[in-house]
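entry.cif follows (mmCIF, C-alpha atoms and all ligand atoms):
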```cif
data_model
#
loop_
_atom_site.label_atom_id
_atom_site.label_comp_id
_atom_site.auth_asym_id
_atom_site.auth_seq_id
_atom_site.Cartn_x
_atom_site.Cartn_y
_atom_site.Cartn_z
CA MET T 24 -139.72 167.29 131.40
CA ARG T 25 -140.95 167.44 127.88
CA ASN T 26 -144.35 168.81 126.94
CA GLY T 27 -144.25 170.93 130.06
CA SER T 28 -145.19 168.06 132.33
CA THR T 29 -143.86 168.08 135.85
CA ASN T 30 -142.54 165.26 137.93
CA GLN T 31 -144.50 163.89 140.86
CA SER T 32 -143.86 166.53 143.49
CA GLY T 33 -143.16 169.27 140.97
CA LYS T 34 -139.90 170.32 142.62
CA ILE T 35 -137.50 167.47 142.90
CA LEU T 36 -134.52 166.47 140.93
CA ALA T 37 -135.68 163.57 138.84
CA THR T 38 -134.68 161.78 135.74
CA SER T 39 -136.47 162.85 132.64
CA ASP T 40 -139.53 161.22 131.14
CA GLU T 41 -137.34 159.86 128.38
CA PHE T 42 -135.77 157.36 130.71
CA VAL T 43 -138.89 155.92 132.25
CA PRO T 44 -138.50 152.19 131.95
CA THR T 45 -140.64 150.44 129.39
CA ALA T 46 -142.26 147.02 129.79
CA PHE T 47 -139.20 145.54 128.15
CA HIS T 48 -136.80 147.09 130.58
CA GLN T 49 -137.68 146.17 134.12
CA PRO T 50 -135.31 148.44 135.99
CA GLY T 51 -132.71 146.82 138.10
CA GLU T 52 -133.80 143.30 137.29
CA LEU T 53 -131.31 142.53 134.61
CA PRO T 54 -128.09 140.93 135.78
CA ALA T 55 -127.62 138.67 138.77
CA LEU T 56 -124.58 139.13 140.99
CA PRO T 57 -121.81 139.73 140.31
CA LEU T 58 -122.63 142.70 138.16
CA THR T 59 -120.06 143.55 135.54
CA GLU T 60 -119.40 146.34 133.14
CA SER T 61 -118.10 144.01 130.47
CA GLU T 62 -120.98 144.30 128.07
CA PRO T 63 -121.94 147.93 127.90
CA VAL T 64 -125.37 148.78 126.58
CA HIS T 65 -126.14 152.13 124.98
CA TRP T 66 -126.07 154.82 127.66
CA GLN T 67 -129.76 155.62 127.22
CA GLU T 68 -130.51 151.95 127.76
CA ALA T 69 -128.36 152.13 130.90
CA MET T 70 -130.57 154.98 132.16
CA LYS T 71 -133.69 152.95 131.55
CA ARG T 72 -132.52 149.87 133.37
CA ALA T 73 -131.10 151.76 136.37
CA ILE T 74 -132.19 150.81 139.88
CA ARG T 75 -135.06 152.94 141.18
CA SER T 76 -135.77 151.95 144.77
CA SER T 77 -133.80 151.33 147.93
CA GLN T 78 -135.17 147.81 148.24
CA GLN T 79 -134.12 146.96 144.69
CA LEU T 80 -130.70 148.38 145.41
CA ARG T 81 -130.30 146.36 148.60
CA LYS T 82 -131.26 143.24 146.72
CA ALA T 83 -128.84 143.96 143.88
CA VAL T 84 -125.91 144.22 146.31
CA GLY T 85 -126.96 141.20 148.36
CA LEU T 86 -128.22 143.00 151.45
CA PRO T 87 -131.36 141.91 153.31
CA PRO T 88 -134.49 144.08 152.93
CA ASP T 89 -134.63 147.15 155.14
CA SER T 90 -136.73 146.24 158.16
CA SER T 91 -136.59 149.63 159.88
CA LYS T 92 -139.87 151.27 160.73
CA GLY T 93 -139.16 154.10 158.28
CA VAL T 94 -140.17 151.87 155.38
CA GLY T 95 -143.63 152.68 154.06
CA PRO T 96 -146.23 150.25 152.69
CA ASP T 97 -144.79 150.76 149.19
CA GLY T 98 -141.42 149.53 150.45
CA LYS T 99 -139.91 153.02 150.22
CA LEU T 100 -138.28 155.22 152.83
CA ALA T 101 -139.73 158.69 153.37
CA GLY T 102 -136.53 160.26 152.02
CA GLU T 103 -136.96 158.59 148.68
CA GLN T 104 -140.47 159.92 148.18
CA ASN T 105 -138.98 163.41 147.73
CA PHE T 106 -135.78 162.31 146.11
CA PRO T 107 -136.11 158.91 144.44
CA THR T 108 -133.40 156.30 144.39
CA PHE T 109 -131.61 156.22 141.06
CA ALA T 110 -128.47 154.16 140.50
CA PRO T 111 -127.24 152.81 137.16
CA LEU T 112 -126.11 149.18 137.18
CA GLU T 113 -122.73 150.28 135.82
CA PHE T 114 -122.15 152.13 139.11
CA VAL T 115 -123.77 149.46 141.27
CA ALA T 116 -121.35 146.93 139.74
CA ARG T 117 -118.51 148.69 141.59
CA ILE T 118 -120.18 148.22 145.00
CA GLU T 119 -118.78 145.40 147.10
CA PRO T 120 -121.56 142.83 147.53
CA ARG T 121 -123.01 142.41 151.04
CA ASN T 122 -121.06 145.35 152.44
CA ALA T 123 -123.53 147.79 154.01
CA ASP T 124 -120.66 150.25 154.59
CA ASP T 125 -119.47 150.31 151.01
CA PRO T 126 -118.44 153.90 150.15
CA LEU T 127 -120.24 153.83 146.81
CA LEU T 128 -123.39 152.33 148.25
CA LYS T 129 -123.53 155.07 150.89
CA GLN T 130 -123.70 157.70 148.17
CA VAL T 131 -126.87 156.25 146.65
CA LEU T 132 -128.76 154.25 149.28
CA PRO T 133 -131.49 156.24 151.09
CA VAL T 134 -131.35 155.92 154.88
CA THR T 135 -133.69 157.00 157.68
CA ALA T 136 -131.06 159.52 158.88
CA GLU T 137 -132.15 161.71 155.95
CA GLU T 138 -135.43 162.38 157.69
CA VAL T 139 -133.88 163.87 160.81
CA GLU T 140 -134.15 167.68 160.79
CA HIS T 141 -130.96 169.59 161.59
CA VAL T 142 -130.69 173.29 162.32
CA GLY T 143 -128.93 175.08 159.48
CA PHE T 144 -129.68 172.47 156.84
CA ALA T 145 -132.01 174.05 154.30
CA SER T 146 -133.46 173.39 150.87
CA ASP T 147 -131.39 175.96 148.92
CA PRO T 148 -128.10 176.12 150.84
CA VAL T 149 -126.07 177.90 148.18
CA GLY T 150 -128.58 180.62 147.29
CA ASP T 151 -129.08 179.42 143.74
CA LEU T 152 -132.60 180.76 143.51
CA ASN T 153 -131.30 184.29 144.12
CA ALA T 154 -128.60 183.85 141.49
CA LEU T 155 -131.02 183.12 138.65
CA ALA T 156 -130.06 185.69 136.06
CA SER T 157 -132.64 184.57 133.55
CA PRO T 158 -134.68 181.38 133.17
CA GLY T 159 -132.21 178.49 133.24
CA VAL T 160 -129.08 180.58 133.88
CA LEU T 161 -127.13 181.02 137.10
CA HIS T 162 -124.73 183.92 136.92
CA LYS T 163 -122.87 184.25 140.20
CA TYR T 164 -119.27 184.73 139.18
CA GLU T 165 -117.54 187.15 136.88
CA GLY T 166 -117.02 185.98 133.32
CA ARG T 167 -118.73 182.64 133.88
CA ALA T 168 -122.37 181.68 133.63
CA LEU T 169 -123.94 178.32 134.30
CA ILE T 170 -126.78 176.84 132.26
CA LEU T 171 -129.17 174.48 134.02
CA THR T 172 -129.12 172.31 130.94
CA THR T 173 -131.60 169.74 132.22
CA SER T 174 -133.01 168.56 135.53
CA ALA T 175 -132.12 164.91 134.90
CA CYS T 176 -129.12 163.18 136.42
CA GLY T 177 -127.48 159.83 135.75
CA ILE T 178 -127.46 159.00 139.46
CA HIS T 179 -129.11 160.43 142.54
CA CYS T 180 -126.46 161.29 145.12
CA ARG T 181 -128.03 161.42 148.55
CA TYR T 182 -125.82 164.37 149.61
CA CYS T 183 -126.68 166.47 146.56
CA PHE T 184 -127.25 170.17 147.26
CA ARG T 185 -129.79 170.20 144.46
CA ARG T 186 -131.84 167.35 145.90
CA GLU T 187 -134.58 169.83 146.72
CA PHE T 188 -133.97 172.17 143.84
CA PRO T 189 -137.16 173.46 142.23
CA TYR T 190 -136.14 172.99 138.61
CA GLN T 191 -139.67 173.81 137.46
CA GLN T 192 -139.30 177.32 138.85
CA THR T 193 -135.98 177.94 137.19
CA GLY T 194 -137.07 177.51 133.63
CA SER T 195 -134.56 174.74 132.96
CA ARG T 196 -136.13 172.85 130.12
CA LYS T 197 -134.58 170.32 127.87
CA ASP T 198 -136.05 171.65 124.70
CA ASP T 199 -135.92 175.33 125.40
CA TRP T 200 -132.50 176.82 125.85
CA LEU T 201 -133.46 179.95 123.95
CA PRO T 202 -133.84 182.22 127.01
CA SER T 203 -130.39 181.11 128.21
CA ILE T 204 -128.86 181.75 124.79
CA LYS T 205 -130.46 185.20 124.66
CA TYR T 206 -129.05 186.09 128.06
CA LEU T 207 -125.56 184.98 127.04
CA GLN T 208 -125.79 186.97 123.81
CA GLN T 209 -126.56 190.15 125.73
CA ARG T 210 -123.87 189.75 128.36
CA THR T 211 -120.63 190.44 126.52
CA ASP T 212 -118.72 190.14 129.80
CA ILE T 213 -119.27 186.37 129.87
CA GLU T 214 -116.47 184.35 128.28
CA GLU T 215 -117.15 180.92 129.72
CA VAL T 216 -120.35 178.96 129.70
CA ILE T 217 -120.77 176.03 132.05
CA LEU T 218 -123.25 173.32 131.15
CA SER T 219 -124.52 171.89 134.41
CA GLY T 220 -127.89 170.84 135.67
CA GLY T 221 -128.86 168.21 136.57
CA ASP T 222 -126.35 166.55 134.33
CA PRO T 223 -125.82 167.94 130.82
CA LEU T 224 -124.70 164.55 129.54
CA THR T 225 -128.15 163.06 130.11
CA THR T 226 -128.93 165.12 127.01
CA THR T 227 -128.46 163.34 123.68
CA ASP T 228 -125.46 164.07 121.46
CA GLU T 229 -127.85 165.50 118.90
CA LYS T 230 -129.39 168.03 121.29
CA LEU T 231 -126.02 168.89 122.80
CA ASP T 232 -124.72 169.55 119.32
CA GLN T 233 -127.56 172.00 118.74
CA LEU T 234 -126.84 173.76 122.01
CA ILE T 235 -123.09 173.92 121.42
CA THR T 236 -123.64 175.24 117.89
CA ALA T 237 -125.81 178.02 119.30
CA LEU T 238 -123.13 178.86 121.90
CA GLU T 239 -120.39 178.87 119.25
CA GLY T 240 -122.40 181.55 117.47
CA ILE T 241 -121.95 183.95 120.41
CA PRO T 242 -118.70 185.78 119.54
CA HIS T 243 -117.60 186.77 123.06
CA LEU T 244 -117.73 183.19 124.41
CA LYS T 245 -114.30 181.56 124.56
CA ARG T 246 -114.69 178.49 126.75
CA LEU T 247 -117.22 175.71 127.19
CA ARG T 248 -117.17 173.70 130.39
CA LEU T 249 -119.24 170.61 131.13
CA HIS T 250 -119.93 169.57 134.71
CA SER T 251 -120.95 165.92 134.59
CA ARG T 252 -121.00 162.81 136.72
CA MET T 253 -122.03 160.69 133.72
CA PRO T 254 -118.42 159.75 132.77
CA ILE T 255 -118.23 158.14 136.24
CA VAL T 256 -121.63 156.53 136.56
CA ILE T 257 -122.36 155.50 132.95
CA PRO T 258 -118.92 155.49 131.30
CA GLN T 259 -120.25 154.58 127.86
CA ARG T 260 -121.76 158.08 127.73
CA ILE T 261 -118.38 159.23 126.42
CA THR T 262 -119.25 158.44 122.82
CA GLY T 263 -116.93 158.98 119.89
CA GLU T 264 -119.37 161.56 118.62
CA LEU T 265 -119.28 163.51 121.87
CA VAL T 266 -115.48 163.50 121.97
CA LYS T 267 -115.34 164.71 118.38
CA ARG T 268 -117.90 167.45 118.97
CA LEU T 269 -116.09 168.82 122.00
CA SER T 270 -112.59 168.63 120.56
CA SER T 271 -113.58 170.27 117.28
CA SER T 272 -115.44 173.16 118.86
CA ARG T 273 -114.35 176.75 118.31
CA LEU T 274 -114.72 177.06 122.10
CA SER T 275 -112.03 175.56 124.32
CA ALA T 276 -113.80 172.63 125.93
CA TRP T 277 -113.13 171.49 129.50
CA MET T 278 -114.75 168.60 131.32
CA VAL T 279 -115.24 168.53 135.09
CA ILE T 280 -116.19 165.09 136.36
CA HIS T 281 -117.27 164.11 139.86
CA ALA T 282 -115.79 161.12 141.68
CA ASN T 283 -115.51 160.90 145.46
CA HIS T 284 -113.79 157.57 145.99
CA PRO T 285 -111.06 155.68 144.07
CA GLN T 286 -113.37 152.67 143.73
CA GLU T 287 -115.50 154.77 141.36
CA LEU T 288 -112.63 154.93 138.87
CA SER T 289 -113.15 151.69 136.97
CA GLU T 290 -111.28 150.72 133.80
CA SER T 291 -114.23 151.81 131.67
CA VAL T 292 -114.36 155.18 133.40
CA LEU T 293 -110.65 155.77 132.83
CA SER T 294 -110.79 154.71 129.22
CA GLY T 295 -113.59 157.23 128.63
CA THR T 296 -111.69 160.10 130.24
CA ALA T 297 -108.54 159.07 128.34
CA GLN T 298 -110.43 159.51 125.08
CA LEU T 299 -111.37 163.04 126.05
CA ILE T 300 -107.85 163.91 127.17
CA ASP T 301 -106.28 162.34 124.08
CA ALA T 302 -108.59 164.50 121.98
CA GLY T 303 -107.38 167.62 123.78
CA VAL T 304 -110.21 168.11 126.26
CA PRO T 305 -108.73 168.60 129.75
CA VAL T 306 -110.50 166.64 132.48
CA LEU T 307 -110.73 167.88 136.06
CA ASN T 308 -112.36 166.21 139.04
CA GLN T 309 -114.44 167.61 141.83
CA ALA T 310 -115.24 165.64 144.95
CA VAL T 311 -117.40 166.30 147.97
CA LEU T 312 -115.97 165.50 151.40
CA LEU T 313 -118.35 162.89 152.80
CA ARG T 314 -118.44 161.14 156.14
CA GLY T 315 -117.97 157.40 155.78
CA VAL T 316 -117.02 157.76 152.11
CA ASN T 317 -113.77 159.68 151.71
CA ASP T 318 -113.02 161.28 155.09
CA GLN T 319 -109.80 159.34 155.57
CA THR T 320 -106.43 160.52 154.32
CA GLU T 321 -105.55 157.17 152.72
CA ILE T 322 -108.72 157.17 150.66
CA LEU T 323 -108.45 160.75 149.50
CA THR T 324 -104.78 160.22 148.70
CA GLU T 325 -105.60 157.16 146.64
CA LEU T 326 -108.34 159.07 144.79
CA CYS T 327 -106.01 161.94 143.90
CA ARG T 328 -103.15 159.60 143.01
CA ARG T 329 -105.29 157.55 140.65
CA LEU T 330 -106.67 160.71 139.08
CA VAL T 331 -103.27 162.19 138.27
CA ASN T 332 -101.94 158.80 137.19
CA HIS T 333 -104.63 159.03 134.54
CA ARG T 334 -103.97 162.68 133.72
CA ILE T 335 -107.07 163.97 135.51
CA GLN T 336 -106.45 166.95 137.75
CA PRO T 337 -108.08 167.11 141.18
CA TYR T 338 -109.83 170.49 141.05
CA TYR T 339 -112.08 171.02 144.04
CA LEU T 340 -112.76 169.21 147.30
CA HIS T 341 -116.09 170.65 148.41
CA GLN T 342 -117.13 171.01 151.99
CA LEU T 343 -120.68 169.64 152.07
CA ASP T 344 -123.44 172.10 151.28
CA ARG T 345 -125.91 172.09 154.13
CA VAL T 346 -128.89 170.73 152.30
CA ARG T 347 -131.76 169.21 154.22
CA GLY T 348 -131.41 165.44 154.49
CA ALA T 349 -127.61 165.35 154.17
CA ALA T 350 -126.44 166.23 157.69
CA HIS T 351 -125.17 162.71 158.34
CA PHE T 352 -122.57 163.22 155.57
CA GLU T 353 -120.95 166.28 157.12
CA VAL T 354 -117.27 166.19 158.03
CA PRO T 355 -115.81 168.87 160.35
CA VAL T 356 -113.72 171.50 158.56
CA GLU T 357 -110.76 170.75 160.89
CA THR T 358 -110.74 167.16 159.59
CA GLY T 359 -110.80 168.37 156.00
CA LEU T 360 -107.92 170.77 156.61
CA LYS T 361 -105.87 168.08 158.29
CA MET T 362 -106.47 165.73 155.36
CA ILE T 363 -105.37 168.37 152.84
CA GLU T 364 -102.19 168.87 154.85
CA ASN T 365 -101.59 165.12 154.83
CA LEU T 366 -102.13 165.01 151.06
CA ARG T 367 -99.54 167.74 150.58
CA ALA T 368 -97.00 165.65 152.41
CA VAL T 369 -97.16 162.79 149.90
CA LEU T 370 -98.42 164.07 146.54
CA PRO T 371 -97.22 166.63 143.99
CA GLY T 372 -98.76 170.09 144.20
CA TYR T 373 -100.88 169.58 141.11
CA ALA T 374 -102.57 166.58 142.75
CA ILE T 375 -103.96 168.63 145.64
CA PRO T 376 -107.54 169.83 145.17
CA GLN T 377 -108.61 173.22 146.45
CA TYR T 378 -110.69 172.73 149.56
CA VAL T 379 -113.64 175.07 149.12
CA HIS T 380 -117.08 175.92 150.29
CA GLU T 381 -119.85 177.73 148.55
CA GLU T 382 -121.19 180.75 150.40
CA ALA T 383 -124.34 182.40 149.09
CA GLY T 384 -123.59 185.84 147.67
CA GLU T 385 -119.79 185.42 147.40
CA LYS T 386 -117.86 186.28 144.21
CA SER T 387 -116.21 182.86 143.96
CA LYS T 388 -116.09 179.58 145.78
CA THR T 389 -114.57 180.31 149.20
CA PRO T 390 -111.23 178.59 149.88
CA ILE T 391 -111.01 176.90 153.27
CA LEU T 392 -107.55 177.62 154.57
CA ASP T 393 -105.59 176.64 157.62
CA THR T 394 -105.24 180.00 159.34
CA ASN T 395 -103.02 178.56 162.05
CA ARG T 396 -100.30 177.69 159.59
CA GLU T 397 -97.35 180.05 159.95
CA ILE T 398 -95.48 181.45 156.98
CA ASN T 399 -91.77 181.88 157.73
CA SER T 400 -90.34 185.11 156.45
C1 LIG T 501 -119.30 176.71 141.03
C2 LIG T 501 -119.97 177.60 140.07
C3 LIG T 501 -119.27 178.11 138.95
C4 LIG T 501 -117.87 177.71 138.63
O1 LIG T 501 -116.94 178.20 139.53
P1 LIG T 501 -115.41 177.95 139.24
O2 LIG T 501 -114.72 178.40 140.46
O3 LIG T 501 -115.05 178.72 138.02
O4 LIG T 501 -115.25 176.48 138.99
C5 LIG T 501 -119.92 178.98 138.12
N1 LIG T 501 -121.19 179.36 138.35
C6 LIG T 501 -121.88 178.91 139.40
C7 LIG T 501 -123.27 179.37 139.60
C8 LIG T 501 -121.30 178.00 140.29
O5 LIG T 501 -122.01 177.53 141.32
S1 LIG T 502 -124.33 165.50 142.83
FE1 LIG T 502 -124.48 165.90 140.62
S2 LIG T 502 -124.96 163.90 139.71
FE2 LIG T 502 -125.37 163.72 141.89
S3 LIG T 502 -127.56 164.17 142.07
FE3 LIG T 502 -126.46 166.09 142.39
S4 LIG T 502 -126.37 167.13 140.40
FE4 LIG T 502 -126.91 164.96 140.06
#
```

Rewrite the structure of this file - the entire thing - as structure tokens.
Ligand SMILES: *Cc1c(COP(=O)(O)O)cnc(C)c1O
Ligand code: SF4
Amino acid sequence: MRNGSTNQSGKILATSDEFVPTAFHQPGELPALPLTESEPVHWQEAMKRAIRSSQQLRKAVGLPPDSSKGVGPDGKLAGEQNFPTFAPLEFVARIEPRNADDPLLKQVLPVTAEEVEHVGFASDPVGDLNALASPGVLHKYEGRALILTTSACGIHCRYCFRREFPYQQTGSRKDDWLPSIKYLQQRTDIEEVILSGGDPLTTTDEKLDQLITALEGIPHLKRLRLHSRMPIVIPQRITGELVKRLSSSRLSAWMVIHANHPQELSESVLSGTAQLIDAGVPVLNQAVLLRGVNDQTEILTELCRRLVNHRIQPYYLHQLDRVRGAAHFEVPVETGLKMIENLRAVLPGYAIPQYVHEEAGEKSKTPILDTNREINS
């Protein structure tokens, strides 16, 4: 949101002004089916040509137009007025054409179920607004602080806990990280800074370089972590320049990516993460447990297996945050626990993610454990 302008509703997660399509880039109209990733365009170009409405998305994957009565005169569902559709073609290319139940499609296609109110599903489920330590900084856990680097994302995940996040109230601004830097300078107890958002990798290499340089100048910082879904959704975002910048930093750099289903791990994705790992940047994955996407043991096993086969460590499996509009994605905790147990039976220990939930006010993510499991002594 440059020049202090706000997005339409003033509170939603939305891609930045920079990626508004121009007359030359009609979003989502480029390739006909089948979509491929074979000719990557520059990642910023990929942002511009991303799909921006549910009807466009349905068309791109060969589904008939939505004829439900939730569709407004502008062809949009109510849920996408608050939280617009945004899906890069690189991600859409991995969706199976004409399959309405495709696990990748479900993550990005708005549905009328989003509009059903559910008790306990709120707009700030993890208490982020109370954890704002300074404009643009969340400081919940000891030794680690998180910078809301930008409000833009490379994809809009329908289950996202930040789908209603009021970025304008948090002071997260692309061009003004100074208040965050000042906070980090004062707090000598912080040794790790996490760049999150939004998605920090929707920021250009040039601006990231400036931010990282400023962070490197804070003596007590030791580690730099990036939380990004860009390596999954627009794999060409892993540029040579980015890899070099991270691997040559004084700070130990870690990358945490976000894939929920093995079908997201395309060749291009894995070649990007391999570049990071080869350069000495460890890559971890976090996933969210999602109904109809990855709530089957075979799928989760395949995800974790593919990750470790490519040297990526499964880090967290998150129980869904109860954000308004995402209730239809919730999986019972008992199912999650059972799946973790099943994973343990077939995969090495390092391939098992920690099953966690975020509770407002807690000192760390809260592990979800099987309390019925006996320990023999
Ligand atoms: C999740 C989170 C972190 C990171 O927690 P780890 O357990 O270290 O991965 C840090 N800060 C905030 C605000 C978070 O939500
Ligand atoms: S889950 Fe991550 S990438 Fe997806 S919309 Fe939320 S913040 Fe953005």

| Do you have the atom C8 of ligand LIG 501 (chain T)-atom CA of Ala350 of chain T distance handy? | 21.6 Å

| task | Pick out the residues no farther than 8 Å from ligand LIG 502 (chain T), counting only C-alpha atoms and all ligand atoms, and list them as JSON, numbers by chain. | result | {"T": [36, 175, 176, 177, 178, 179, 180, 181, 182, 183, 184, 185, 186, 219, 220, 221, 222, 251, 252, 253, 281]}

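Counting from atom CA of Ser270 of chain T, the distance to atom CA of Thr226 of chain T is 17.9 Å.
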
| said: Considering all atoms listed in the file, can you say which of T:Ile255, T:Ala156, T:Val266, T:Leu392 comes closest to ligand LIG 501 (chain T)? | reply: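 Of the candidates, the smallest distance to ligand LIG 501 (chain T) is held by T:Ala156.
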
Selection within 6 Å of ligand LIG 501 (chain T) by all atoms listed in the file, output as an mmCIF file with C-alpha atoms, in the frame of the given file:
```cif
data_model
loop_
_atom_site.group_PDB
_atom_site.id
_atom_site.type_symbol
_atom_site.label_atom_id
_atom_site.label_comp_id
_atom_site.auth_asym_id
_atom_site.auth_seq_id
_atom_site.Cartn_x
_atom_site.Cartn_y
_atom_site.Cartn_z
ATOM 1 C CA LEU T 161 -127.130 181.020 137.100
ATOM 2 C CA HIS T 162 -124.730 183.920 136.920
ATOM 3 C CA LYS T 163 -122.870 184.250 140.200
ATOM 4 C CA TYR T 164 -119.270 184.730 139.180
ATOM 5 C CA ARG T 167 -118.730 182.640 133.880
ATOM 6 C CA ALA T 168 -122.370 181.680 133.630
ATOM 7 C CA LEU T 169 -123.940 178.320 134.300
ATOM 8 C CA SER T 387 -116.210 182.860 143.960
ATOM 9 C CA LYS T 388 -116.090 179.580 145.780
#
```

| message | If we draw a sphere of 12 Å around (-115.9, 181.6, 146.0), which residues have at least one atom in it when counting only C-alpha atoms? Please report them as a list in words. | response |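 In the file's frame, the residues around the point are Val149, Lys163, Tyr164, Glu165, Tyr339, His341, Gln377, Tyr378, Val379, His380, Glu381, Glu382, Ala383, Gly384, Glu385, Lys386, Ser387, Lys388, Thr389, Pro390 and Ile391 of chain T.
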
Between segment 302-352 of chain T and segment 96-102 of chain T, at 12 Å or less, what are the per-residue closest atom pairs and their distances in Å? Count all atoms listed in the file, order by chain and rising residue number, and return it as CSV.
```
residue,atom,partner,partner_atom,distance
T:Arg347,CA,T:Gly102,CA,10.4
T:Gly348,CA,T:Gly102,CA,7.7
T:Ala349,CA,T:Gly102,CA,10.5
```

| query | Separation of atom CA of Asn399 of chain T and atom CA of Tyr373 of chain T, in Å? | reply | 22.6 Å

Sorted per-residue table, segment 321-342 of chain T near segment 355-364 of chain T, closest atoms and distance, 12 Å, only C-alpha atoms, as a Markdown table:
```
| residue | atom | partner | partner_atom | distance |
| --- | --- | --- | --- | --- |
| T:Glu321 | CA | T:Met362 | CA | 9.0 |
| T:Ile322 | CA | T:Met362 | CA | 10.0 |
| T:Leu323 | CA | T:Met362 | CA | 7.9 |
| T:Thr324 | CA | T:Met362 | CA | 8.8 |
| T:Cys327 | CA | T:Ile363 | CA | 11.0 |
| T:Tyr339 | CA | T:Ile363 | CA | 11.4 |
| T:Leu340 | CA | T:Gly359 | CA | 9.0 |
| T:His341 | CA | T:Gly359 | CA | 9.5 |
| T:Gln342 | CA | T:Val356 | CA | 7.4 |
```

| Which one is closest to Ser174 of chain T: T:Pro202, T:Pro223, T:Pro158, T:Pro87? Count only C-alpha atoms. |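 When distances to Ser174 of chain T are compared using only C-alpha atoms, the smallest one comes from T:Pro223.
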
| remark: One residue among T:Val64, T:Val134, T:Val142, T:Leu326 is nearest to Val94 of chain T when using only C-alpha atoms, and that residue is T:Val134

| query | From the set T:Gly159, T:Pro337, T:Gly95, T:Pro126, which residue has the shortest atom-to-atom contact distance to Thr172 of chain T, counting all atoms listed in the file? | reply | T:Gly159

Residue rebuild result segment 160-171 of chain T, N, CA, C and O atoms as a PDB file, in the coordinates of the input:
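Saved file result_28.pdb follows:
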```pdb
ATOM      1  N   VAL T 160    -130.491 180.133 133.772  1.00  0.00           N
ATOM      2  CA  VAL T 160    -129.080 180.580 133.880  1.00  0.00           C
ATOM      3  C   VAL T 160    -128.743 181.049 135.289  1.00  0.00           C
ATOM      4  O   VAL T 160    -129.444 181.880 135.861  1.00  0.00           O
ATOM      5  N   LEU T 161    -127.664 180.518 135.840  1.00  0.00           N
ATOM      6  CA  LEU T 161    -127.130 181.020 137.100  1.00  0.00           C
ATOM      7  C   LEU T 161    -125.891 181.835 136.771  1.00  0.00           C
ATOM      8  O   LEU T 161    -124.978 181.342 136.111  1.00  0.00           O
ATOM      9  N   HIS T 162    -125.891 183.064 137.194  1.00  0.00           N
ATOM     10  CA  HIS T 162    -124.730 183.920 136.920  1.00  0.00           C
ATOM     11  C   HIS T 162    -124.281 184.522 138.242  1.00  0.00           C
ATOM     12  O   HIS T 162    -124.759 185.555 138.669  1.00  0.00           O
ATOM     13  N   LYS T 163    -123.341 183.807 138.887  1.00  0.00           N
ATOM     14  CA  LYS T 163    -122.870 184.250 140.200  1.00  0.00           C
ATOM     15  C   LYS T 163    -121.500 184.890 140.115  1.00  0.00           C
ATOM     16  O   LYS T 163    -121.161 185.736 140.910  1.00  0.00           O
ATOM     17  N   TYR T 164    -120.678 184.356 139.197  1.00  0.00           N
ATOM     18  CA  TYR T 164    -119.270 184.730 139.180  1.00  0.00           C
ATOM     19  C   TYR T 164    -118.917 185.454 137.904  1.00  0.00           C
ATOM     20  O   TYR T 164    -119.490 185.206 136.846  1.00  0.00           O
ATOM     21  N   GLU T 165    -117.920 186.329 138.021  1.00  0.00           N
ATOM     22  CA  GLU T 165    -117.540 187.150 136.880  1.00  0.00           C
ATOM     23  C   GLU T 165    -117.008 186.314 135.710  1.00  0.00           C
ATOM     24  O   GLU T 165    -116.168 185.437 135.887  1.00  0.00           O
ATOM     25  N   GLY T 166    -117.542 186.605 134.537  1.00  0.00           N
ATOM     26  CA  GLY T 166    -117.020 185.980 133.320  1.00  0.00           C
ATOM     27  C   GLY T 166    -117.552 184.587 133.052  1.00  0.00           C
ATOM     28  O   GLY T 166    -117.324 184.032 131.980  1.00  0.00           O
ATOM     29  N   ARG T 167    -118.233 184.007 134.044  1.00  0.00           N
ATOM     30  CA  ARG T 167    -118.730 182.640 133.880  1.00  0.00           C
ATOM     31  C   ARG T 167    -120.224 182.584 134.186  1.00  0.00           C
ATOM     32  O   ARG T 167    -120.660 183.140 135.184  1.00  0.00           O
ATOM     33  N   ALA T 168    -120.956 181.892 133.340  1.00  0.00           N
ATOM     34  CA  ALA T 168    -122.370 181.680 133.630  1.00  0.00           C
ATOM     35  C   ALA T 168    -122.686 180.204 133.466  1.00  0.00           C
ATOM     36  O   ALA T 168    -122.058 179.506 132.664  1.00  0.00           O
ATOM     37  N   LEU T 169    -123.625 179.747 134.262  1.00  0.00           N
ATOM     38  CA  LEU T 169    -123.940 178.320 134.300  1.00  0.00           C
ATOM     39  C   LEU T 169    -125.350 178.073 133.769  1.00  0.00           C
ATOM     40  O   LEU T 169    -126.297 178.719 134.209  1.00  0.00           O
ATOM     41  N   ILE T 170    -125.462 177.189 132.806  1.00  0.00           N
ATOM     42  CA  ILE T 170    -126.780 176.840 132.260  1.00  0.00           C
ATOM     43  C   ILE T 170    -127.296 175.587 132.953  1.00  0.00           C
ATOM     44  O   ILE T 170    -126.592 174.572 133.028  1.00  0.00           O
ATOM     45  N   LEU T 171    -128.512 175.665 133.469  1.00  0.00           N
ATOM     46  CA  LEU T 171    -129.170 174.480 134.020  1.00  0.00           C
ATOM     47  C   LEU T 171    -129.725 173.703 132.811  1.00  0.00           C
ATOM     48  O   LEU T 171    -130.872 173.847 132.434  1.00  0.00           O
TER      49      LEU T 171
END
```
